[in-house]
>>> print(open('target.txt').read())   # compact mmCIF, C-alpha atoms
# COMPACT_ATOMS: atom_id res chain seq x y z
CA MET A 1 -118.08 14.94 46.56
CA LYS A 2 -114.58 14.83 45.21
CA ASP A 3 -112.50 17.96 44.94
CA ILE A 4 -112.75 19.39 41.38
CA ALA A 5 -109.02 18.80 40.81
CA GLU A 6 -109.58 15.08 41.34
CA GLN A 7 -112.51 14.75 38.95
CA GLU A 8 -111.77 13.79 35.38
CA VAL A 9 -115.27 14.65 34.18
CA ILE A 10 -117.28 17.52 35.62
CA ASP A 11 -120.99 18.15 35.14
CA ILE A 12 -121.36 21.91 34.66
CA GLY A 13 -125.09 21.83 34.00
CA ASP A 14 -126.43 24.06 31.24
CA MET A 15 -123.83 26.84 31.34
CA ASP A 16 -123.50 29.02 28.27
CA VAL A 17 -120.06 30.07 26.99
CA GLU A 18 -119.95 33.19 29.12
CA ALA A 19 -120.88 31.30 32.26
CA PHE A 20 -118.33 28.61 31.45
CA ASN A 21 -115.62 31.25 31.12
CA GLU A 22 -116.53 32.68 34.51
CA TYR A 23 -116.38 29.17 35.95
CA ALA A 24 -113.04 28.44 34.25
CA ASN A 25 -111.58 31.66 35.61
CA GLU A 26 -112.66 30.67 39.09
CA GLN A 27 -110.91 27.33 38.66
CA GLY A 28 -107.70 29.05 37.50
CA TRP A 29 -107.84 27.36 34.08
CA SER A 30 -107.62 30.50 31.93
CA ASP A 31 -104.75 32.47 30.42
CA GLY A 32 -107.05 35.49 30.51
CA MET A 33 -108.43 35.10 27.01
CA PRO A 34 -111.83 33.52 26.29
CA LEU A 35 -111.92 29.72 26.27
CA PHE A 36 -113.88 27.16 24.30
CA VAL A 37 -115.88 24.60 26.28
CA PRO A 38 -114.07 21.22 26.56
CA SER A 39 -117.19 19.11 26.20
CA GLU A 40 -116.97 15.34 26.19
CA ALA A 41 -117.87 15.22 22.49
CA LYS A 42 -115.20 17.73 21.45
CA VAL A 43 -112.51 16.11 23.58
CA ALA A 44 -113.32 12.72 22.08
CA LYS A 45 -112.68 14.07 18.57
CA PHE A 46 -109.26 15.35 19.61
CA VAL A 47 -108.26 12.13 21.34
CA GLU A 48 -109.07 10.18 18.18
CA THR A 49 -106.30 12.06 16.34
CA VAL A 50 -103.53 10.67 18.55
CA ARG A 51 -104.70 7.10 18.94
CA GLY A 52 -101.57 5.89 17.14
CA ASP A 53 -99.28 7.40 19.76
CA ASN A 54 -99.44 5.05 22.69
CA ARG A 55 -96.31 6.12 24.53
CA PRO A 56 -97.18 7.06 28.12
CA TYR A 57 -96.44 10.54 29.34
CA PRO A 58 -94.06 10.95 32.25
CA PRO A 59 -95.09 12.97 35.30
CA VAL A 60 -95.23 16.64 34.33
CA PRO A 61 -93.18 18.94 36.56
CA PRO A 62 -93.51 20.96 38.69
CA ARG A 63 -96.89 19.45 39.66
CA GLN A 64 -95.71 15.91 38.92
CA ILE A 65 -98.98 14.45 37.75
CA VAL A 66 -99.35 12.05 34.83
CA PRO A 67 -101.81 13.64 32.41
CA THR A 68 -104.57 11.75 30.66
CA LEU A 69 -105.09 12.28 26.95
CA GLN A 70 -108.51 13.66 27.76
CA ALA A 71 -107.07 16.33 30.06
CA LEU A 72 -104.52 17.31 27.43
CA ALA A 73 -107.22 17.43 24.78
CA ALA A 74 -109.40 19.58 27.04
CA ASN A 75 -106.65 22.21 27.03
CA ALA A 76 -106.36 22.08 23.23
CA VAL A 77 -110.14 22.43 22.89
CA MET A 78 -110.17 25.39 25.28
CA ALA A 79 -107.36 27.03 23.28
CA GLY A 80 -109.46 26.95 20.10
CA CYS A 81 -107.51 24.26 18.26
CA LYS A 82 -108.96 22.15 15.48
CA PRO A 83 -108.75 18.41 16.21
CA GLU A 84 -106.06 17.92 13.56
CA TYR A 85 -103.74 20.29 15.45
CA PHE A 86 -103.70 18.05 18.51
CA PRO A 87 -100.82 15.75 17.38
CA VAL A 88 -98.66 18.86 16.99
CA VAL A 89 -99.54 20.03 20.48
CA THR A 90 -98.84 16.65 22.06
CA ALA A 91 -95.51 16.45 20.20
CA ALA A 92 -94.64 19.88 21.59
CA LEU A 93 -95.54 18.66 25.06
CA ARG A 94 -93.27 15.64 24.65
CA GLY A 95 -90.52 18.06 23.66
CA VAL A 96 -90.81 20.19 26.78
CA LEU A 97 -90.83 16.97 28.83
CA ASP A 98 -87.31 16.14 27.61
CA PRO A 99 -85.37 16.19 30.90
CA ASP A 100 -82.74 18.49 29.37
CA TYR A 101 -85.44 21.03 28.55
CA ASN A 102 -85.63 21.60 32.32
CA LEU A 103 -89.37 22.22 32.42
CA HIS A 104 -89.47 22.89 36.15
CA GLY A 105 -86.73 25.49 35.94
CA THR A 106 -88.16 27.18 32.85
CA LEU A 107 -91.62 27.47 34.40
CA ALA A 108 -90.60 28.54 37.89
CA THR A 109 -87.90 31.03 36.91
CA THR A 110 -88.05 34.80 37.28
CA HIS A 111 -86.85 34.97 33.63
CA SER A 112 -89.41 35.81 30.96
CA CYS A 113 -88.99 32.63 28.90
CA ALA A 114 -91.91 31.03 27.05
CA PRO A 115 -92.10 27.77 25.11
CA MET A 116 -91.15 28.53 21.49
CA VAL A 117 -92.80 26.04 19.13
CA MET A 118 -91.44 25.69 15.59
CA VAL A 119 -93.07 23.33 13.11
CA SER A 120 -91.19 21.73 10.20
CA GLY A 121 -92.14 19.41 7.39
CA PRO A 122 -95.25 18.76 5.31
CA ILE A 123 -97.71 19.27 8.16
CA ARG A 124 -97.02 23.03 8.03
CA HIS A 125 -99.05 23.33 4.86
CA GLU A 126 -101.64 20.72 5.77
CA LEU A 127 -102.53 22.75 8.86
CA ASN A 128 -102.04 26.18 7.25
CA ILE A 129 -99.29 27.12 9.70
CA ASN A 130 -97.80 30.50 8.90
CA CYS A 131 -94.14 30.22 7.90
CA GLY A 132 -93.97 33.47 5.94
CA THR A 133 -95.06 37.07 6.36
CA ASN A 134 -95.85 37.86 10.03
CA CYS A 135 -95.07 34.27 11.06
CA PHE A 136 -94.49 35.28 14.70
CA GLY A 137 -97.63 37.39 14.74
CA GLN A 138 -101.38 37.16 14.63
CA GLY A 139 -103.71 35.96 11.91
CA ARG A 140 -103.60 32.16 11.61
CA GLN A 141 -105.64 29.82 13.75
CA ALA A 142 -102.98 27.12 13.78
CA ASN A 143 -100.15 29.36 14.97
CA ALA A 144 -102.36 31.09 17.51
CA THR A 145 -103.96 28.05 19.05
CA ILE A 146 -101.19 25.43 18.95
CA GLY A 147 -98.92 27.69 21.00
CA ARG A 148 -101.80 28.65 23.24
CA ALA A 149 -102.76 25.01 23.85
CA LEU A 150 -99.25 24.20 25.04
CA GLY A 151 -99.37 27.22 27.32
CA LEU A 152 -102.68 26.09 28.81
CA MET A 153 -101.26 22.59 29.39
CA LEU A 154 -98.35 24.12 31.27
CA LEU A 155 -100.78 26.20 33.31
CA ASN A 156 -103.30 23.48 34.09
CA VAL A 157 -101.36 20.22 33.96
CA ALA A 158 -97.88 21.39 34.97
CA GLY A 159 -99.31 23.86 37.48
CA ALA A 160 -97.46 26.98 36.31
CA LYS A 161 -99.85 29.48 37.84
CA PRO A 162 -98.63 33.07 37.42
CA GLY A 163 -97.51 34.52 40.73
CA GLU A 164 -97.51 31.09 42.33
CA MET A 165 -95.34 28.49 40.59
CA ASP A 166 -94.64 30.78 37.62
CA ARG A 167 -92.48 33.46 39.23
CA SER A 168 -91.57 35.44 36.10
CA THR A 169 -90.65 39.00 37.03
CA GLN A 170 -92.32 40.57 34.00
CA GLY A 171 -93.63 37.68 31.93
CA ASN A 172 -93.71 37.85 28.15
CA PRO A 173 -96.47 38.15 25.52
CA ALA A 174 -95.04 34.93 24.02
CA LYS A 175 -96.51 33.12 27.02
CA PHE A 176 -99.93 33.52 25.41
CA THR A 177 -98.72 31.77 22.25
CA PHE A 178 -95.44 31.39 20.36
CA CYS A 179 -95.75 29.07 17.38
CA PHE A 180 -94.51 29.43 13.82
CA GLY A 181 -93.41 27.34 10.89
CA GLU A 182 -90.03 27.16 9.17
CA ASN A 183 -89.99 28.71 5.71
CA GLU A 184 -88.38 25.67 4.12
CA GLU A 185 -89.34 26.78 0.61
CA GLU A 186 -87.18 29.91 0.88
CA ASN A 187 -84.42 28.34 2.96
CA PRO A 188 -81.40 28.09 0.63
CA TRP A 189 -79.72 25.65 3.01
CA THR A 190 -81.07 22.68 4.98
CA PRO A 191 -84.35 22.82 6.94
CA TYR A 192 -83.79 22.75 10.66
CA HIS A 193 -85.37 19.35 11.27
CA VAL A 194 -83.13 17.85 8.58
CA GLN A 195 -80.11 19.49 10.25
CA ARG A 196 -81.19 17.54 13.34
CA GLY A 197 -81.27 14.21 11.51
CA PHE A 198 -84.92 13.89 10.48
CA ALA A 199 -86.04 13.15 6.94
CA PRO A 200 -87.36 16.05 4.84
CA THR A 201 -90.69 14.24 4.69
CA ASP A 202 -90.97 14.02 8.47
CA SER A 203 -93.13 16.53 10.28
CA VAL A 204 -91.34 17.69 13.39
CA VAL A 205 -91.97 20.04 16.30
CA THR A 206 -89.01 21.87 17.82
CA VAL A 207 -89.32 23.53 21.22
CA MET A 208 -87.03 25.82 23.14
CA SER A 209 -87.71 27.88 26.24
CA GLY A 210 -87.05 31.27 24.70
CA GLU A 211 -87.56 34.95 24.99
CA GLY A 212 -89.69 36.55 22.33
CA PRO A 213 -88.06 37.32 18.96
CA HIS A 214 -85.59 40.23 19.03
CA ASN A 215 -85.68 41.98 15.68
CA LEU A 216 -82.49 42.26 13.61
CA ASN A 217 -83.14 45.04 11.10
CA ASP A 218 -80.63 45.54 8.29
CA HIS A 219 -81.84 47.40 5.22
CA GLY A 220 -78.40 48.76 4.41
CA SER A 221 -76.06 45.82 4.10
CA THR A 222 -75.78 44.40 0.61
CA THR A 223 -73.35 41.64 1.52
CA GLY A 224 -73.52 38.59 3.73
CA ASP A 225 -70.54 39.89 5.64
CA GLY A 226 -72.39 43.10 6.41
CA LEU A 227 -75.46 41.23 7.57
CA LEU A 228 -73.40 39.11 9.94
CA THR A 229 -71.96 42.26 11.50
CA THR A 230 -75.50 43.43 12.25
CA PHE A 231 -76.63 40.02 13.46
CA ALA A 232 -73.62 39.71 15.77
CA GLY A 233 -74.24 43.18 17.18
CA GLY A 234 -77.83 42.31 18.01
CA MET A 235 -76.89 38.96 19.51
CA SER A 236 -74.14 40.32 21.78
CA ASN A 237 -76.66 41.29 24.44
CA PRO A 238 -75.20 41.60 27.95
CA GLY A 239 -78.67 41.20 29.45
CA ALA A 240 -79.52 37.91 27.76
CA ASN A 241 -79.87 34.91 30.05
CA THR A 242 -77.62 32.94 27.75
CA VAL A 243 -74.60 35.06 28.66
CA TYR A 244 -74.40 33.63 32.14
CA GLY A 245 -76.92 30.83 31.85
CA LYS A 246 -74.94 29.53 28.85
CA GLY A 247 -77.39 27.72 26.62
CA PRO A 248 -78.93 27.58 23.16
CA MET A 249 -80.36 30.37 21.03
CA PHE A 250 -82.04 30.67 17.64
CA LEU A 251 -81.20 32.93 14.74
CA ILE A 252 -84.25 33.01 12.48
CA ILE A 253 -83.07 34.52 9.22
CA GLY A 254 -85.57 36.30 6.97
CA PRO A 255 -85.67 34.96 3.38
CA GLU A 256 -84.13 38.09 1.83
CA HIS A 257 -81.24 38.10 4.27
CA ALA A 258 -80.85 34.36 3.69
CA ALA A 259 -80.63 34.85 -0.07
CA THR A 260 -77.87 37.44 0.35
CA LEU A 261 -75.89 35.20 2.68
CA LYS A 262 -76.28 32.24 0.33
CA ARG A 263 -75.24 34.32 -2.70
CA ASP A 264 -72.05 35.28 -0.86
CA GLY A 265 -71.18 31.68 -0.15
CA PHE A 266 -72.17 31.38 3.47
CA THR A 267 -73.46 28.09 4.83
CA ILE A 268 -75.26 27.35 8.09
CA GLU A 269 -71.95 26.18 9.51
CA SER A 270 -69.95 29.22 8.40
CA ILE A 271 -72.65 31.61 9.63
CA ARG A 272 -72.54 29.88 13.00
CA GLU A 273 -68.75 30.10 13.21
CA GLU A 274 -68.69 33.76 12.16
CA LEU A 275 -71.37 34.73 14.65
CA TRP A 276 -69.59 32.86 17.42
CA LYS A 277 -66.46 34.91 16.75
CA ARG A 278 -68.16 38.25 16.21
CA SER A 279 -70.88 38.25 18.87
CA ARG A 280 -68.66 38.12 21.93
CA ILE A 281 -69.35 40.82 24.52
CA HIS A 282 -66.53 43.12 25.58
CA LEU A 283 -66.10 43.41 29.34
CA SER A 284 -66.51 47.19 29.10
CA ARG A 285 -70.22 46.51 28.45
CA ILE A 286 -70.67 44.56 31.69
CA SER A 287 -70.68 46.13 35.14
CA ARG A 288 -68.00 45.11 37.60
CA GLU A 289 -70.67 43.84 40.02
CA ASN A 290 -72.40 41.77 37.36
CA LEU A 291 -69.09 40.35 36.19
CA ASP A 292 -68.31 39.36 39.78
CA THR A 293 -71.58 37.43 39.80
CA TYR A 294 -70.76 35.72 36.52
CA GLU A 295 -67.29 34.75 37.69
CA SER A 296 -68.50 33.48 41.05
CA THR A 297 -70.84 31.10 39.23
CA GLY A 298 -68.17 29.77 36.92
CA HIS A 299 -68.66 31.97 33.85
CA LYS A 300 -65.14 33.26 33.28
CA PRO A 301 -64.36 35.70 30.49
CA ASP A 302 -62.12 34.71 27.60
CA GLY A 303 -59.58 37.50 27.84
CA ASP A 304 -61.57 40.72 27.67
CA TRP A 305 -64.63 39.02 26.26
CA LEU A 306 -67.60 36.94 27.33
CA THR A 307 -69.06 34.45 24.89
CA ILE A 308 -72.82 34.37 24.28
CA GLY A 309 -73.08 30.62 24.78
CA ARG A 310 -70.99 27.53 25.47
CA ASP A 311 -69.74 26.96 21.93
CA PRO A 312 -70.82 27.64 18.32
CA GLY A 313 -73.25 24.73 18.52
CA ASP A 314 -75.46 26.81 20.82
CA ILE A 315 -76.38 28.98 17.82
CA HIS A 316 -79.28 27.28 16.02
CA ILE A 317 -80.13 28.68 12.61
CA THR A 318 -83.04 28.48 10.21
CA VAL A 319 -85.23 30.60 7.92
CA ALA A 320 -88.72 31.96 8.51
CA GLY A 321 -90.74 35.01 7.57
CA GLY A 322 -91.65 36.82 4.38
CA PRO A 323 -90.39 39.69 2.23
CA GLY A 324 -88.39 42.40 4.01
CA LYS A 325 -84.97 43.04 5.48
CA HIS A 326 -85.53 41.59 8.91
CA SER A 327 -84.30 38.59 10.85
CA ALA A 328 -84.72 37.63 14.50
CA PHE A 329 -82.65 36.52 17.46
CA ILE A 330 -84.31 34.34 20.12
CA PRO A 331 -82.15 33.74 23.19
CA SER A 332 -83.21 30.95 25.48
CA PHE A 333 -83.59 30.57 29.23
CA GLY A 334 -80.02 29.28 29.26
CA GLY A 335 -80.32 26.06 31.27
CA THR A 336 -82.42 24.32 28.65
CA THR A 337 -82.14 22.45 25.36
CA VAL A 338 -83.65 22.57 21.88
CA ALA A 339 -85.83 19.45 21.72
CA CYS A 340 -87.22 17.99 18.49
CA THR A 341 -90.11 15.52 18.34
CA ARG A 342 -91.45 13.78 15.25
CA ILE A 343 -95.21 14.24 15.02
CA ALA A 344 -96.96 10.89 15.30
CA ARG A 345 -99.35 10.48 12.38
CA MET C 346 -123.25 19.43 30.03
CA ARG C 347 -120.23 17.36 31.03
CA ILE C 348 -116.69 18.58 30.39
CA PHE C 349 -113.25 17.11 30.80
CA ASN C 350 -111.18 18.67 33.57
CA PRO C 351 -108.10 20.29 31.97
CA SER C 352 -106.06 19.96 35.15
CA PHE C 353 -106.83 16.30 35.83
CA GLY C 354 -104.03 13.77 36.10
CA MET C 355 -102.98 10.67 37.90
CA ALA C 356 -100.67 10.97 40.88
CA ALA C 357 -97.18 9.80 39.97
CA ALA C 358 -95.67 7.03 42.04
CA GLY C 359 -93.58 8.91 44.59
CA PRO C 360 -90.19 7.92 45.94
CA ALA C 361 -90.03 5.47 48.81
CA LYS C 362 -90.89 7.17 52.08
CA VAL C 363 -87.91 7.94 54.26
CA THR C 364 -88.12 8.03 58.00
CA LEU C 365 -86.54 11.25 59.16
CA GLN C 366 -83.89 10.87 61.82
CA PRO C 367 -83.77 13.32 64.73
CA VAL C 368 -81.14 16.04 64.38
CA ASN C 369 -78.94 17.29 67.18
CA TRP C 370 -78.47 20.88 66.07
CA ALA C 371 -75.78 21.38 68.71
CA THR C 372 -73.36 18.84 67.28
CA ASP C 373 -74.49 17.15 64.05
CA ALA C 374 -72.99 17.83 60.63
CA ILE C 375 -75.02 20.38 58.64
CA ALA C 376 -74.87 21.18 54.92
CA LEU C 377 -75.46 24.78 53.90
CA ILE C 378 -76.60 24.71 50.28
CA SER C 379 -76.77 27.71 47.95
CA ASN C 380 -78.94 27.78 44.83
CA SER C 381 -76.03 29.68 43.22
CA LYS C 382 -77.88 32.96 42.94
CA PRO C 383 -76.52 36.25 44.32
CA ASN C 384 -76.69 36.61 48.11
CA ALA C 385 -77.52 32.98 48.85
CA ARG C 386 -73.94 32.36 49.97
CA GLU C 387 -73.95 35.54 52.08
CA LEU C 388 -77.15 34.43 53.78
CA LEU C 389 -75.65 31.04 54.58
CA GLU C 390 -72.49 32.66 55.91
CA GLY C 391 -74.69 34.62 58.32
CA VAL C 392 -76.44 31.44 59.38
CA ARG C 393 -73.11 29.69 59.96
CA ALA C 394 -71.84 32.63 62.02
CA MET C 395 -74.97 32.59 64.16
CA LEU C 396 -74.70 28.86 64.70
CA GLY C 397 -71.06 29.40 65.66
CA ALA C 398 -72.14 31.40 68.67
CA HIS C 399 -73.72 28.26 70.10
CA ARG C 400 -71.82 25.26 68.72
CA PRO C 401 -68.70 24.13 66.83
CA VAL C 402 -68.87 24.85 63.10
CA ASP C 403 -66.07 22.66 61.76
CA ASN C 404 -68.70 20.17 60.52
CA ILE C 405 -70.92 22.81 58.92
CA HIS C 406 -70.00 23.05 55.26
CA PHE C 407 -71.04 25.11 52.25
CA HIS C 408 -72.29 23.52 49.03
CA ALA C 409 -73.80 24.97 45.87
CA LYS C 410 -75.67 23.81 42.80
CA ASN C 411 -73.65 23.84 39.59
CA SER C 412 -76.10 26.24 38.02
CA ALA C 413 -78.85 28.43 39.41
CA SER C 414 -81.15 27.35 36.61
CA GLN C 415 -80.60 23.61 36.81
CA PRO C 416 -81.67 21.07 39.43
CA ALA C 417 -79.08 20.01 41.98
CA PRO C 418 -77.08 17.13 40.50
CA LYS C 419 -77.77 13.68 41.84
CA GLU C 420 -74.19 13.38 43.10
CA LEU C 421 -74.61 16.47 45.29
CA ILE C 422 -77.88 15.21 46.75
CA GLU C 423 -76.32 11.82 47.49
CA LYS C 424 -73.26 13.43 49.05
CA VAL C 425 -75.38 15.60 51.34
CA ALA C 426 -77.62 12.69 52.29
CA LYS C 427 -74.61 10.53 53.10
CA ASN C 428 -72.55 13.02 55.09
CA TYR C 429 -74.99 15.31 56.91
CA LYS C 430 -77.85 14.99 59.31
CA ALA C 431 -79.45 18.26 58.22
CA ALA C 432 -79.33 20.65 55.30
CA LEU C 433 -80.31 24.30 55.08
CA LEU C 434 -81.07 25.65 51.60
CA ALA C 435 -80.77 29.32 50.71
CA LEU C 436 -82.63 30.68 47.68
CA GLY C 437 -81.01 33.88 46.50
CA ASP C 438 -82.61 35.83 43.66
>>> encode(input="target.txt", output="structure tokens")
Amino acid sequence: MKDIAEQEVIDIGDMDVEAFNEYANEQGWSDGMPLFVPSEAKVAKFVETVRGDNRPYPPVPPRQIVPTLQALAANAVMAGCKPEYFPVVTAALRGVLDPDYNLHGTLATTHSCAPMVMVSGPIRHELNINCGTNCFGQGRQANATIGRALGLMLLNVAGAKPGEMDRSTQGNPAKFTFCFGENEEENPWTPYHVQRGFAPTDSVVTVMSGEGPHNLNDHGSTTGDGLLTTFAGGMSNPGANTVYGKGPMFLIIGPEHAATLKRDGFTIESIREELWKRSRIHLSRISRENLDTYESTGHKPDGDWLTIGRDPGDIHITVAGGPGKHSAFIPSFGGTTVACTRIAR
Amino acid sequence: MRIFNPSFGMAAAGPAKVTLQPVNWATDAIALISNSKPNARELLEGVRAMLGAHRPVDNIHFHAKNSASQPAPKELIEKVAKNYKAALLALGD
């Protein structure tokens, strides 16, 4: 008999859901939460949704196997996805397979990074993806299971087993799921996918290997200038990987903060430039020993300051969330990119 | 009931197999490669010092990845393959 890992289809007899979950745990397929059974019939329904996307997948690092659509669909089924979510999940997978995303590094690192999945375009509403109140949180099947499906693919296809290939020191709740939609309707500027050159009518998945959202609370500022002072203070984090890893980060502005910034004449570009100037980290906030490490790996200060990325272009900006005076900062792993993939439909 | 295996995949075509050449650890050129994390260099310096007690070290050289979080660049791998008979990699963290 073939080893289980080499069998595409496995006969599990007449297991019920509980027995299947025990079996899946034994195989190392679970993220610790209950799984749905990836039966042949369910998997077939998922595969049907991506029949128009015939591009082959490259080998998935670190395990370096070429996944079949059925194996990918099995992970989406187990995660609790509806079949119509599957093209979003496969687009997210294509994003993390962008060589500049550095999938091997982001999965094997001791850092806490998790794959952030942001959905833009008309598909957000078709799939009931939460773009508003509590968009990073619980409550919507699409948000919960699309992010989870990608996580299961990285566990089972890529081989990122916690404590084995996944060496994260503390991990991150975002590794269970981290998927949200842009709030394009309350974005007074340009939706992120359009900033990246896609048409407004395109549906696009954006991925970045990020930490969880860091809240930026500002109930007091009544001007855009005041908000940027708060944002910059929250972003100038000496412990962020991006300080010495030098890479991208997201600022997800809440709609009320966005309206204030827009009213005061700020654009995406001017916000980016202002934050680049204001979010530098003074050397007094970095230990001598840590600075020695930074300098020995080529990250020299600019005078008495360290920058939070390579250049202003590392600060990616969009709008999400609902009513309230909160925004969020999401620093990345550092050695990664923000990859966008149009959803094949 | 039959299920699809969520970890199934096809083996990727691997690189051409290379026949390893024997190494003379007493004389051959050796690359000492750091992953650019703290203490990797210090570890390699200790290795070089220990080798120095038994052999010349003028052809034992230090190298490092550009970034701890990125793969070694192709140019570095090619340089090491071209100029050294052995490489020792230190993973600091």
>>> interface_residues(input="target.txt", of="chain C", to="chain A", cutoff="10 Å", atoms="all atoms listed in the file", output="PyMOL selection string")
chain C and resi 346-359+381-384+409-416+438
>>> residues_near_point(input="target.txt", point="(-105.0, 36.3, 27.4)", cutoff="10 Å", atoms="only C-alpha atoms", output="PyMOL selection string")
chain A and resi 30-35+148+173+175-177
>>> closest_residue(input="target.txt", among="C:Arg400, C:Ala426, C:Ile375, C:Phe407", to="Val363 of chain C", atoms="all atoms listed in the file")
C:Ala426
>>> residues_around(input="target.txt", residues="Ala435 of chain C", least_positions_apart="2", cutoff="8 Å", atoms="all atoms listed in the file", output="list in words")
Leu377, Ile378, Ser379, Asn380, Ala385, Arg386, Leu388, Leu389, Leu433 and Gly437 of chain C
>>> atom_distance(input="target.txt", atom1="atom CA of Thr242 of chain A", atom2="atom CA of Arg310 of chain A")
8.9 Å
>>> atom_distance(input="target.txt", atom1="atom CA of Gly254 of chain A", atom2="atom CA of His326 of chain A")
5.6 Å
>>> atom_distance(input="target.txt", atom1="atom CA of Pro191 of chain A", atom2="atom CA of Thr318 of chain A")
6.7 Å
>>> closest_residue(input="target.txt", among="A:Gly210, A:Leu150, A:Trp276, A:Pro56", to="Asn241 of chain A", atoms="all atoms listed in the file")
A:Gly210
>>> decode(input="target.txt", residues="segment 416-427 of chain C", atoms="C-alpha atoms", output="PDB file, in the first residue's frame")
ATOM      1  CA  PRO C 416      17.489  33.289  -0.043  1.00  0.00           C
ATOM      2  CA  ALA C 417      21.171  33.450  -0.924  1.00  0.00           C
ATOM      3  CA  PRO C 418      21.510  35.242  -4.265  1.00  0.00           C
ATOM      4  CA  LYS C 419      22.323  33.128  -7.279  1.00  0.00           C
ATOM      5  CA  GLU C 420      25.603  34.995  -7.779  1.00  0.00           C
ATOM      6  CA  LEU C 421      26.805  34.013  -4.302  1.00  0.00           C
ATOM      7  CA  ILE C 422      25.907  30.364  -4.830  1.00  0.00           C
ATOM      8  CA  GLU C 423      27.694  30.336  -8.183  1.00  0.00           C
ATOM      9  CA  LYS C 424      30.744  32.045  -6.710  1.00  0.00           C
ATOM     10  CA  VAL C 425      30.985  29.513  -3.894  1.00  0.00           C
ATOM     11  CA  ALA C 426      30.471  26.595  -6.261  1.00  0.00           C
ATOM     12  CA  LYS C 427      33.164  27.900  -8.591  1.00  0.00           C
TER      13      LYS C 427
END
